[in-house]
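Shown below: structure_24.cif, with mmCIF, C-alpha atoms.
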```
data_query
#
loop_
_atom_site.label_atom_id
_atom_site.label_comp_id
_atom_site.auth_asym_id
_atom_site.auth_seq_id
_atom_site.Cartn_x
_atom_site.Cartn_y
_atom_site.Cartn_z
CA MET A 27 12.39 -9.34 2.10
CA LYS A 28 12.39 -6.45 4.51
CA ILE A 29 9.31 -4.20 4.71
CA THR A 30 9.33 -0.74 6.30
CA TRP A 31 6.21 1.38 6.68
CA TYR A 32 7.26 4.99 6.31
CA GLY A 33 3.72 6.29 6.81
CA HIS A 34 0.44 6.81 4.95
CA SER A 35 0.64 4.65 1.76
CA SER A 36 4.42 4.58 1.53
CA PHE A 37 6.48 1.46 2.17
CA GLY A 38 10.04 0.45 1.53
CA VAL A 39 10.43 -3.12 0.30
CA VAL A 40 13.99 -4.47 0.07
CA SER A 41 14.89 -7.75 -1.60
CA GLN A 42 17.56 -10.18 -0.42
CA ASP A 43 19.88 -8.80 -3.11
CA ASN A 44 19.27 -5.23 -1.86
CA VAL A 45 16.88 -3.89 -4.52
CA ARG A 46 14.76 -1.27 -2.76
CA ILE A 47 11.22 -0.36 -3.85
CA VAL A 48 9.43 2.70 -2.43
CA THR A 49 5.67 2.96 -2.89
CA ASP A 50 3.42 6.03 -3.10
CA PRO A 51 5.76 8.61 -1.53
CA TYR A 52 4.15 11.35 0.58
CA ASP A 53 5.38 14.89 1.22
CA PRO A 54 6.82 15.14 4.76
CA GLU A 55 5.82 18.80 4.95
CA THR A 56 2.10 18.12 4.46
CA SER A 57 1.80 14.62 5.97
CA GLY A 58 3.92 15.07 9.06
CA TYR A 59 5.81 11.83 8.45
CA LYS A 60 9.61 11.73 8.33
CA PRO A 61 11.67 12.32 5.15
CA PHE A 62 12.66 9.17 3.30
CA PRO A 63 15.96 7.94 4.76
CA ASP A 64 17.13 5.40 2.17
CA LYS A 65 17.95 5.42 -1.51
CA ALA A 66 15.56 3.60 -3.83
CA ASP A 67 16.12 1.57 -6.98
CA ILE A 68 12.42 1.68 -7.92
CA VAL A 69 9.73 4.19 -6.99
CA ILE A 70 6.11 3.30 -7.83
CA LYS A 71 3.34 5.86 -7.45
CA SER A 72 -0.37 5.24 -7.94
CA SER A 73 -0.82 8.55 -9.77
CA SER A 74 1.04 11.69 -10.80
CA HIS A 75 -1.49 14.22 -9.50
CA ASP A 76 -1.99 13.49 -5.79
CA ASP A 77 0.28 15.21 -3.29
CA PHE A 78 -0.04 12.34 -0.80
CA HIS A 79 1.01 9.63 -3.28
CA ASP A 80 3.26 11.03 -6.01
CA ASN A 81 6.30 12.68 -4.44
CA ASP A 82 8.98 10.64 -6.16
CA HIS A 83 11.16 13.76 -6.29
CA LEU A 84 11.48 13.59 -2.50
CA VAL A 85 12.85 10.04 -2.46
CA PRO A 86 16.67 9.74 -2.66
CA LYS A 87 17.63 7.40 -5.49
CA LYS A 88 20.49 5.12 -6.41
CA SER A 89 22.23 5.45 -9.75
CA GLY A 90 20.04 3.88 -12.43
CA ALA A 91 16.84 4.15 -10.38
CA HIS A 92 13.50 4.05 -12.19
CA VAL A 93 10.26 5.89 -11.34
CA TYR A 94 6.95 4.39 -12.47
CA ASP A 95 3.47 5.88 -12.58
CA ALA A 96 1.18 2.87 -12.13
CA ILE A 97 -1.38 4.49 -14.45
CA ASP A 98 1.17 4.45 -17.28
CA ILE A 99 1.91 0.77 -16.62
CA ALA A 100 -1.81 -0.06 -16.68
CA LEU A 101 -2.28 1.80 -19.97
CA SER A 102 0.78 0.18 -21.57
CA GLY A 103 -0.07 -3.49 -21.30
CA GLY A 104 -0.39 -3.70 -17.52
CA CYS A 105 3.12 -5.01 -16.82
CA THR A 106 6.77 -3.97 -16.76
CA ILE A 107 10.02 -5.41 -15.40
CA SER A 108 12.62 -3.35 -13.53
CA HIS A 109 15.76 -4.63 -11.79
CA GLY A 110 14.44 -8.13 -12.39
CA ILE A 111 11.17 -7.39 -10.57
CA LYS A 112 7.84 -7.80 -12.34
CA ILE A 113 5.40 -4.93 -11.68
CA GLN A 114 1.74 -5.20 -12.73
CA SER A 115 -0.95 -2.52 -12.53
CA ILE A 116 -4.70 -2.01 -12.99
CA LEU A 117 -6.67 1.22 -13.28
CA SER A 118 -8.79 2.50 -10.39
CA MET A 119 -10.46 5.73 -9.25
CA GLU A 120 -10.65 7.93 -6.22
CA HIS A 121 -13.97 7.92 -4.38
CA LEU A 122 -16.65 9.19 -6.75
CA ASN A 123 -17.75 11.67 -4.04
CA HIS A 124 -14.23 12.82 -3.29
CA PRO A 125 -13.94 15.83 -0.92
CA ARG A 126 -12.11 17.80 -3.63
CA GLY A 127 -15.27 17.69 -5.72
CA HIS A 128 -14.03 15.45 -8.51
CA ALA A 129 -12.54 11.96 -8.64
CA GLU A 130 -9.14 11.43 -10.24
CA GLN A 131 -7.94 8.27 -11.90
CA ASN A 132 -5.18 6.30 -10.22
CA ALA A 133 -3.98 2.71 -10.31
CA MET A 134 -3.36 -0.24 -8.01
CA TYR A 135 -0.36 -2.48 -8.43
CA ARG A 136 1.44 -5.68 -7.43
CA PHE A 137 5.02 -6.89 -7.61
CA THR A 138 6.99 -9.98 -6.64
CA VAL A 139 10.14 -9.87 -4.51
CA ASP A 140 11.95 -12.96 -3.18
CA ASP A 141 9.07 -15.14 -4.44
CA ILE A 142 6.61 -13.13 -2.30
CA THR A 143 3.89 -11.20 -4.15
CA VAL A 144 2.86 -7.84 -2.69
CA GLY A 145 -0.32 -5.96 -3.64
CA HIS A 146 -0.82 -2.21 -3.08
CA MET A 147 -4.25 -0.53 -3.18
CA GLY A 148 -2.92 2.87 -4.26
CA ASP A 149 -5.61 5.50 -3.70
CA MET A 150 -8.65 3.40 -4.66
CA GLY A 151 -11.92 4.84 -3.32
CA ASN A 152 -14.67 2.51 -4.58
CA ASP A 153 -15.87 -1.08 -4.42
CA PHE A 154 -13.73 -3.51 -6.38
CA SER A 155 -14.92 -4.75 -9.76
CA GLU A 156 -14.51 -8.45 -10.51
CA GLU A 157 -11.50 -7.60 -12.67
CA GLN A 158 -9.87 -5.70 -9.83
CA MET A 159 -10.63 -8.52 -7.40
CA ASP A 160 -9.07 -11.03 -9.78
CA PHE A 161 -6.02 -8.78 -10.10
CA PHE A 162 -5.21 -9.26 -6.41
CA ARG A 163 -5.83 -13.00 -6.26
CA GLY A 164 -2.67 -14.84 -5.32
CA VAL A 165 -0.96 -11.97 -3.47
CA ASN A 166 0.83 -13.02 -0.31
CA ILE A 167 0.91 -9.59 1.30
CA LEU A 168 -1.75 -6.91 0.85
CA PHE A 169 -0.91 -3.29 1.65
CA SER A 170 -4.46 -2.39 2.55
CA HIS A 171 -6.48 0.75 3.12
CA ALA A 172 -7.64 0.93 6.72
CA GLY A 173 -9.00 4.44 7.28
CA GLY A 174 -12.28 4.43 5.34
CA PHE A 175 -13.52 7.41 3.34
CA PRO A 176 -12.20 8.79 1.02
CA VAL A 177 -10.67 5.37 0.22
CA ILE A 178 -12.61 2.09 0.31
CA ASP A 179 -14.85 1.51 3.31
CA LEU A 180 -14.10 -1.24 5.79
CA GLU A 181 -17.04 -3.46 4.81
CA GLU A 182 -15.66 -3.55 1.27
CA LEU A 183 -12.20 -4.25 2.64
CA LYS A 184 -13.62 -7.22 4.55
CA ARG A 185 -15.12 -8.56 1.30
CA ILE A 186 -11.79 -8.12 -0.50
CA VAL A 187 -9.78 -9.87 2.20
CA CYS A 188 -12.24 -12.77 2.43
CA THR A 189 -12.12 -13.21 -1.35
CA VAL A 190 -8.41 -12.69 -2.02
CA GLN A 191 -7.21 -14.38 1.19
CA PRO A 192 -3.69 -12.97 1.38
CA ASN A 193 -1.34 -14.43 3.98
CA LEU A 194 -0.77 -11.01 5.54
CA VAL A 195 -2.74 -7.77 5.50
CA ILE A 196 -0.63 -4.75 6.40
CA PRO A 197 -2.77 -1.63 6.95
CA MET A 198 -1.98 1.82 5.54
CA HIS A 199 -3.78 5.09 4.72
CA PHE A 200 -5.43 5.61 8.13
CA ARG A 201 -5.49 8.33 10.75
CA THR A 202 -2.51 8.44 13.10
CA LEU A 203 -1.18 10.77 15.78
CA CYS A 204 1.03 12.19 13.03
CA PHE A 205 -1.46 12.39 10.14
CA LYS A 206 -4.97 13.43 11.23
CA PRO A 207 -7.53 13.89 8.44
CA CYS A 208 -10.73 14.43 10.39
CA ASN A 209 -12.96 11.94 8.55
CA MET A 210 -10.59 8.94 8.54
CA HIS A 211 -10.57 6.13 11.09
CA PHE A 212 -7.82 5.30 13.51
CA ILE A 213 -6.48 1.73 13.28
CA THR A 214 -9.00 0.51 15.90
CA GLU A 215 -11.80 0.29 13.33
CA PHE A 216 -9.69 -1.85 11.00
CA LEU A 217 -8.86 -4.24 13.84
CA ARG A 218 -12.55 -5.05 14.29
CA LEU A 219 -12.40 -6.97 10.99
CA PHE A 220 -10.11 -9.63 12.46
CA PRO A 221 -10.45 -12.06 15.38
CA GLU A 222 -7.95 -11.13 18.09
CA PRO A 223 -5.77 -14.24 17.53
CA ASP A 224 -5.32 -13.18 13.89
CA ILE A 225 -3.81 -9.77 14.75
CA GLU A 226 -0.09 -9.24 15.29
CA PHE A 227 1.50 -5.97 16.40
CA ALA A 228 5.07 -5.66 15.18
CA CYS A 229 5.71 -2.70 17.55
CA ARG A 230 8.26 -1.40 15.06
CA SER A 231 8.30 0.07 11.57
CA SER A 232 10.26 -2.72 9.85
CA VAL A 233 9.88 -6.49 9.60
CA SER A 234 11.76 -9.21 7.73
CA ILE A 235 9.64 -11.84 5.99
CA VAL A 236 10.48 -15.09 4.24
CA LYS A 237 7.89 -17.01 2.26
CA GLU A 238 8.23 -20.21 4.30
CA GLN A 239 7.19 -18.34 7.45
CA LEU A 240 4.05 -16.74 6.06
CA PRO A 241 0.90 -17.80 7.96
CA GLN A 242 -1.50 -20.14 6.18
CA LYS A 243 -4.55 -18.30 7.55
CA THR A 244 -4.88 -14.57 6.84
CA ARG A 245 -3.42 -12.41 9.59
CA ALA A 246 -3.27 -8.65 10.10
CA LEU A 247 0.25 -7.34 10.74
CA ILE A 248 0.31 -3.85 12.25
CA LEU A 249 3.47 -1.82 11.73
CA SER A 250 4.41 1.41 13.46
CA TYR A 251 5.24 4.26 11.09
CA LEU A 252 8.89 5.23 10.81
#
```
As structure tokens, what does this structure read like?
Amino acid sequence: MKITWYGHSSFGVVSQDNVRIVTDPYDPETSGYKPFPDKADIVIKSSSHDDFHDNDHLVPKKSGAHVYDAIDIALSGGCTISHGIKIQSILSMEHLNHPRGHAEQNAMYRFTVDDITVGHMGDMGNDFSEEQMDFFRGVNILFSHAGGFPVIDLEELKRIVCTVQPNLVIPMHFRTLCFKPCNMHFITEFLRLFPEPDIEFACRSSVSIVKEQLPQKTRALILSYL
């Protein structure tokens, strides 16, 4: 598979047979990140009421593309299949003390491409329940919050990573030179969770990954945004 970090919580994941998934699309006008350059077959968003996660209308799409709200998947049995790809979802919530004054429901999700299972934390803001922890067990790659409040704090992230033990943790949803919410961390705070030998900087926005080359011990893989 090929993974591209567009910015914030949005990734492009492309299978060997060229099925493209786009996650949690932002609005370039409000986030500062670039417009989405590639057409998607599948767009998954963690909610339909958050301007930083639900802009499926701004993603160019191939003929026959499908858009999924992960909340709807979670409320309809927790699983769907699109373009031969299994997508699973579980309900979650924004931080209970969200800056907007009220927490909105969202959902986290996972999917399997080229025999590699990817987990996405959506816009989760609170400590994981046992059910949510179990949901992520077995993922090979975790698209992980890294910026702290208003999403999960880094101590909770450490607990999640130690419990789930993904092969790779790819950070998202943190402060950058492009996107600068004042209360969120830069990537430096996330890096403190990992010993230096377990951190790899891709120095680019895209990487190609095959299952046989995944590390046995959990590593952090830092991508540049597009």
Using all atoms listed in the file for the distances, tell me which of A:Gln131, A:Ile111, A:Gly173, A:Phe78 is nearest to Thr143 in chain A.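 Checking each candidate against Thr143 in chain A, we get A:Ile111 as the closest.
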With all atoms listed in the file as the counted atoms, please give the residues lying no more than 9 Å from range 47-64 of chain A, apart from itself and same-chain residues fewer than 2 positions off, as a PyMOL selection string. chain A and resi 32-41+45+66-73+77-87+146+148+204-206+251-252
Closest to Ser108 in chain A among A:Asn209, A:Ser155, A:Asn132, A:Thr138, using all atoms listed in the file?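 Using all atoms listed in the file, Ser108 in chain A sits closest to A:Thr138.
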Using all atoms listed in the file, which of the listed residues (A:Ile235, A:Met119, A:Ala129, A:Met134) sits closest to Ala96 in chain A?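 Result for the nearest residue to Ala96 in chain A: A:Met134.
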Identify the residues within 12 Å of coordinate (12.6, -12.9, -2.4) (same frame as the file), considering all atoms listed in the file, and give the answer as number ranges by chain. A: 27-29, 39-46, 110-111, 137-144, 166, 234-238
Could you save the residues just selected, with C-alpha atoms, as a PDB file, keeping the file's coordinate frame?
```
ATOM      1  CA  MET A  27      12.390  -9.340   2.100  1.00  0.00           C
ATOM      2  CA  LYS A  28      12.390  -6.450   4.510  1.00  0.00           C
ATOM      3  CA  ILE A  29       9.310  -4.200   4.710  1.00  0.00           C
ATOM      4  CA  VAL A  39      10.430  -3.120   0.300  1.00  0.00           C
ATOM      5  CA  VAL A  40      13.990  -4.470   0.070  1.00  0.00           C
ATOM      6  CA  SER A  41      14.890  -7.750  -1.600  1.00  0.00           C
ATOM      7  CA  GLN A  42      17.560 -10.180  -0.420  1.00  0.00           C
ATOM      8  CA  ASP A  43      19.880  -8.800  -3.110  1.00  0.00           C
ATOM      9  CA  ASN A  44      19.270  -5.230  -1.860  1.00  0.00           C
ATOM     10  CA  VAL A  45      16.880  -3.890  -4.520  1.00  0.00           C
ATOM     11  CA  ARG A  46      14.760  -1.270  -2.760  1.00  0.00           C
ATOM     12  CA  GLY A 110      14.440  -8.130 -12.390  1.00  0.00           C
ATOM     13  CA  ILE A 111      11.170  -7.390 -10.570  1.00  0.00           C
ATOM     14  CA  PHE A 137       5.020  -6.890  -7.610  1.00  0.00           C
ATOM     15  CA  THR A 138       6.990  -9.980  -6.640  1.00  0.00           C
ATOM     16  CA  VAL A 139      10.140  -9.870  -4.510  1.00  0.00           C
ATOM     17  CA  ASP A 140      11.950 -12.960  -3.180  1.00  0.00           C
ATOM     18  CA  ASP A 141       9.070 -15.140  -4.440  1.00  0.00           C
ATOM     19  CA  ILE A 142       6.610 -13.130  -2.300  1.00  0.00           C
ATOM     20  CA  THR A 143       3.890 -11.200  -4.150  1.00  0.00           C
ATOM     21  CA  VAL A 144       2.860  -7.840  -2.690  1.00  0.00           C
ATOM     22  CA  ASN A 166       0.830 -13.020  -0.310  1.00  0.00           C
ATOM     23  CA  SER A 234      11.760  -9.210   7.730  1.00  0.00           C
ATOM     24  CA  ILE A 235       9.640 -11.840   5.990  1.00  0.00           C
ATOM     25  CA  VAL A 236      10.480 -15.090   4.240  1.00  0.00           C
ATOM     26  CA  LYS A 237       7.890 -17.010   2.260  1.00  0.00           C
ATOM     27  CA  GLU A 238       8.230 -20.210   4.300  1.00  0.00           C
TER      28      GLU A 238
END
```
Taking the file as shown, what set of residues would the PyMOL selection byres ((chain A and resi 250) around 9) give back, as a list in words?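 When the PyMOL selection byres ((chain A and resi 250) around 9) is applied, the selected residues are Thr30, Trp31, Tyr32, Gly33, Phe227, Ala228, Cys229, Arg230, Ser231, Ser232, Ile248, Leu249, Tyr251 and Leu252 of chain A.
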Work out how far apart CA of Ile99 in chain A and CA of Phe200 in chain A are and give it in Å to one decimal.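 CA of Phe200 in chain A lies at a distance of 26.3 Å from CA of Ile99 in chain A.
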For the file shown, what are the residues hit by the PyMOL selection byres ((chain A and resi 242) around 10), laid out as an mmCIF file with C-alpha atoms, keeping the file's coordinate frame?
```
data_model
loop_
_atom_site.group_PDB
_atom_site.id
_atom_site.type_symbol
_atom_site.label_atom_id
_atom_site.label_comp_id
_atom_site.auth_asym_id
_atom_site.auth_seq_id
_atom_site.Cartn_x
_atom_site.Cartn_y
_atom_site.Cartn_z
ATOM 1 C CA ASN A 166 0.830 -13.020 -0.310
ATOM 2 C CA GLN A 191 -7.210 -14.380 1.190
ATOM 3 C CA PRO A 192 -3.690 -12.970 1.380
ATOM 4 C CA ASN A 193 -1.340 -14.430 3.980
ATOM 5 C CA LEU A 194 -0.770 -11.010 5.540
ATOM 6 C CA GLU A 238 8.230 -20.210 4.300
ATOM 7 C CA GLN A 239 7.190 -18.340 7.450
ATOM 8 C CA LEU A 240 4.050 -16.740 6.060
ATOM 9 C CA PRO A 241 0.900 -17.800 7.960
ATOM 10 C CA LYS A 243 -4.550 -18.300 7.550
ATOM 11 C CA THR A 244 -4.880 -14.570 6.840
ATOM 12 C CA ARG A 245 -3.420 -12.410 9.590
#
```
Selection under test: the PyMOL selection byres ((chain A and resi 175) around 8); residues as a ChimeraX atom specification: /A:121,151,173-174,176-179,209-210
Could you jot down the CA of Met159 in chain A to CA of Ile113 in chain A separation for me, Å, one decimal place?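 Those two atoms sit 17.0 Å apart.
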If you count all atoms listed in the file, the residue of A:Leu122, A:Ala133, A:Ile196, A:Val165 closest to Ile97 in chain A turns out to be A:Ala133
d(CA of Glu157 in chain A, CA of Pro197 in chain A) in Å: 22.3 Å
For Thr189 in chain A, please output as a PDB file with C-alpha atoms, in the coordinates of the input all residues within 10 Å (counting only C-alpha atoms; exclusion window: fewer than 6 positions along the same chain).
```pdb
ATOM      1  CA  MET A 159     -10.630  -8.520  -7.400  1.00  0.00           C
ATOM      2  CA  ASP A 160      -9.070 -11.030  -9.780  1.00  0.00           C
ATOM      3  CA  PHE A 162      -5.210  -9.260  -6.410  1.00  0.00           C
ATOM      4  CA  ARG A 163      -5.830 -13.000  -6.260  1.00  0.00           C
ATOM      5  CA  LEU A 183     -12.200  -4.250   2.640  1.00  0.00           C
TER       6      LEU A 183
END
```
My list of candidates is A:Val187, A:Met150, A:Ile167, A:Ala91. Which is closest to Glu120 in chain A when distances are computed with only C-alpha atoms?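 The closest residue to Glu120 in chain A is A:Met150.
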For Ser102 in chain A, please output as number ranges by chain all residues within 12 Å (counting all atoms listed in the file; exclusion window: fewer than 3 positions along the same chain). A: 94-99, 105-106, 114-117
Would you mind putting all heavy atoms back on range 197-208 of chain A and writing the result as a JSON list (two decimals), in the frame of the given file?
```
[["chain", "number", "residue", "atom", "x", "y", "z"],
["A", 197, "PRO", "N", -1.95, -2.82, 7.17],
["A", 197, "PRO", "CA", -2.77, -1.63, 6.95],
["A", 197, "PRO", "C", -1.95, -0.38, 6.66],
["A", 197, "PRO", "O", -0.80, -0.24, 7.09],
["A", 197, "PRO", "CB", -3.53, -1.49, 8.26],
["A", 197, "PRO", "CG", -2.63, -2.11, 9.28],
["A", 197, "PRO", "CD", -1.94, -3.25, 8.57],
["A", 198, "MET", "N", -2.57, 0.54, 5.91],
["A", 198, "MET", "CA", -1.98, 1.82, 5.54],
["A", 198, "MET", "C", -3.12, 2.81, 5.36],
["A", 198, "MET", "O", -4.30, 2.46, 5.46],
["A", 198, "MET", "CB", -1.17, 1.70, 4.24],
["A", 198, "MET", "CG", -2.03, 1.34, 3.04],
["A", 198, "MET", "SD", -1.11, 1.32, 1.49],
["A", 198, "MET", "CE", -2.45, 1.21, 0.30],
["A", 199, "HIS", "N", -2.78, 4.07, 5.10],
["A", 199, "HIS", "CA", -3.78, 5.09, 4.72],
["A", 199, "HIS", "C", -4.88, 5.21, 5.77],
["A", 199, "HIS", "O", -6.06, 5.14, 5.48],
["A", 199, "HIS", "CB", -4.38, 4.73, 3.36],
["A", 199, "HIS", "CG", -4.91, 5.92, 2.58],
["A", 199, "HIS", "ND1", -5.92, 6.71, 3.04],
["A", 199, "HIS", "CD2", -4.56, 6.42, 1.37],
["A", 199, "HIS", "CE1", -6.18, 7.64, 2.15],
["A", 199, "HIS", "NE2", -5.35, 7.51, 1.13],
["A", 200, "PHE", "N", -4.46, 5.39, 7.05],
["A", 200, "PHE", "CA", -5.43, 5.61, 8.13],
["A", 200, "PHE", "C", -4.94, 6.76, 9.00],
["A", 200, "PHE", "O", -3.81, 7.23, 8.89],
["A", 200, "PHE", "CB", -5.65, 4.34, 8.94],
["A", 200, "PHE", "CG", -4.41, 3.74, 9.55],
["A", 200, "PHE", "CD1", -3.98, 4.11, 10.82],
["A", 200, "PHE", "CD2", -3.68, 2.77, 8.86],
["A", 200, "PHE", "CE1", -2.85, 3.54, 11.39],
["A", 200, "PHE", "CE2", -2.55, 2.19, 9.42],
["A", 200, "PHE", "CZ", -2.12, 2.58, 10.69],
["A", 201, "ARG", "N", -5.81, 7.20, 9.87],
["A", 201, "ARG", "CA", -5.49, 8.33, 10.75],
["A", 201, "ARG", "C", -4.51, 7.90, 11.82],
["A", 201, "ARG", "O", -4.66, 6.84, 12.44],
["A", 201, "ARG", "CB", -6.77, 8.86, 11.40],
["A", 201, "ARG", "CG", -6.60, 10.16, 12.16],
["A", 201, "ARG", "CD", -7.95, 10.63, 12.67],
["A", 201, "ARG", "NE", -7.84, 11.93, 13.32],
["A", 201, "ARG", "CZ", -8.86, 12.56, 13.89],
["A", 201, "ARG", "NH1", -10.06, 11.99, 13.90],
["A", 201, "ARG", "NH2", -8.69, 13.74, 14.44],
["A", 202, "THR", "N", -3.49, 8.72, 12.06],
["A", 202, "THR", "CA", -2.51, 8.44, 13.10],
["A", 202, "THR", "C", -2.32, 9.70, 13.95],
["A", 202, "THR", "O", -2.91, 10.75, 13.67],
["A", 202, "THR", "CB", -1.15, 8.03, 12.51],
["A", 202, "THR", "OG1", -0.57, 9.17, 11.83],
["A", 202, "THR", "CG2", -1.30, 6.87, 11.53],
["A", 203, "LEU", "N", -1.48, 9.60, 14.97],
["A", 203, "LEU", "CA", -1.18, 10.77, 15.78],
["A", 203, "LEU", "C", -0.34, 11.78, 15.01],
["A", 203, "LEU", "O", -0.21, 12.93, 15.40],
["A", 203, "LEU", "CB", -0.44, 10.36, 17.06],
["A", 203, "LEU", "CG", -1.24, 9.47, 18.01],
["A", 203, "LEU", "CD1", -0.39, 9.10, 19.22],
["A", 203, "LEU", "CD2", -2.53, 10.15, 18.45],
["A", 204, "CYS", "N", 0.20, 11.33, 13.87],
["A", 204, "CYS", "CA", 1.03, 12.19, 13.03],
["A", 204, "CYS", "C", 0.22, 12.80, 11.89],
["A", 204, "CYS", "O", 0.37, 13.97, 11.55],
["A", 204, "CYS", "CB", 2.18, 11.36, 12.48],
["A", 204, "CYS", "SG", 3.37, 12.26, 11.48],
["A", 205, "PHE", "N", -0.66, 11.99, 11.30],
["A", 205, "PHE", "CA", -1.46, 12.39, 10.14],
["A", 205, "PHE", "C", -2.93, 12.27, 10.53],
["A", 205, "PHE", "O", -3.40, 11.17, 10.81],
["A", 205, "PHE", "CB", -1.11, 11.47, 8.97],
["A", 205, "PHE", "CG", -1.88, 11.75, 7.71],
["A", 205, "PHE", "CD1", -1.76, 12.98, 7.06],
["A", 205, "PHE", "CD2", -2.72, 10.79, 7.16],
["A", 205, "PHE", "CE1", -2.46, 13.24, 5.89],
["A", 205, "PHE", "CE2", -3.42, 11.04, 5.99],
["A", 205, "PHE", "CZ", -3.30, 12.27, 5.36],
["A", 206, "LYS", "N", -3.66, 13.40, 10.56],
["A", 206, "LYS", "CA", -4.97, 13.43, 11.23],
["A", 206, "LYS", "C", -6.11, 13.98, 10.38],
["A", 206, "LYS", "O", -6.81, 14.90, 10.79],
["A", 206, "LYS", "CB", -4.86, 14.27, 12.51],
["A", 206, "LYS", "CG", -3.79, 13.83, 13.48],
["A", 206, "LYS", "CD", -3.70, 14.76, 14.67],
["A", 206, "LYS", "CE", -2.60, 14.36, 15.62],
["A", 206, "LYS", "NZ", -2.50, 15.29, 16.78],
["A", 207, "PRO", "N", -6.34, 13.45, 9.17],
["A", 207, "PRO", "CA", -7.53, 13.89, 8.44],
["A", 207, "PRO", "C", -8.77, 13.55, 9.24],
["A", 207, "PRO", "O", -8.94, 12.43, 9.73],
["A", 207, "PRO", "CB", -7.47, 13.11, 7.13],
["A", 207, "PRO", "CG", -6.51, 12.01, 7.37],
["A", 207, "PRO", "CD", -5.60, 12.40, 8.46],
["A", 208, "CYS", "N", -9.67, 14.53, 9.39],
["A", 208, "CYS", "CA", -10.73, 14.43, 10.39],
["A", 208, "CYS", "C", -11.73, 13.31, 10.11],
["A", 208, "CYS", "O", -12.37, 12.80, 11.04],
["A", 208, "CYS", "CB", -11.45, 15.77, 10.53],
["A", 208, "CYS", "SG", -12.23, 16.37, 9.02]]
```
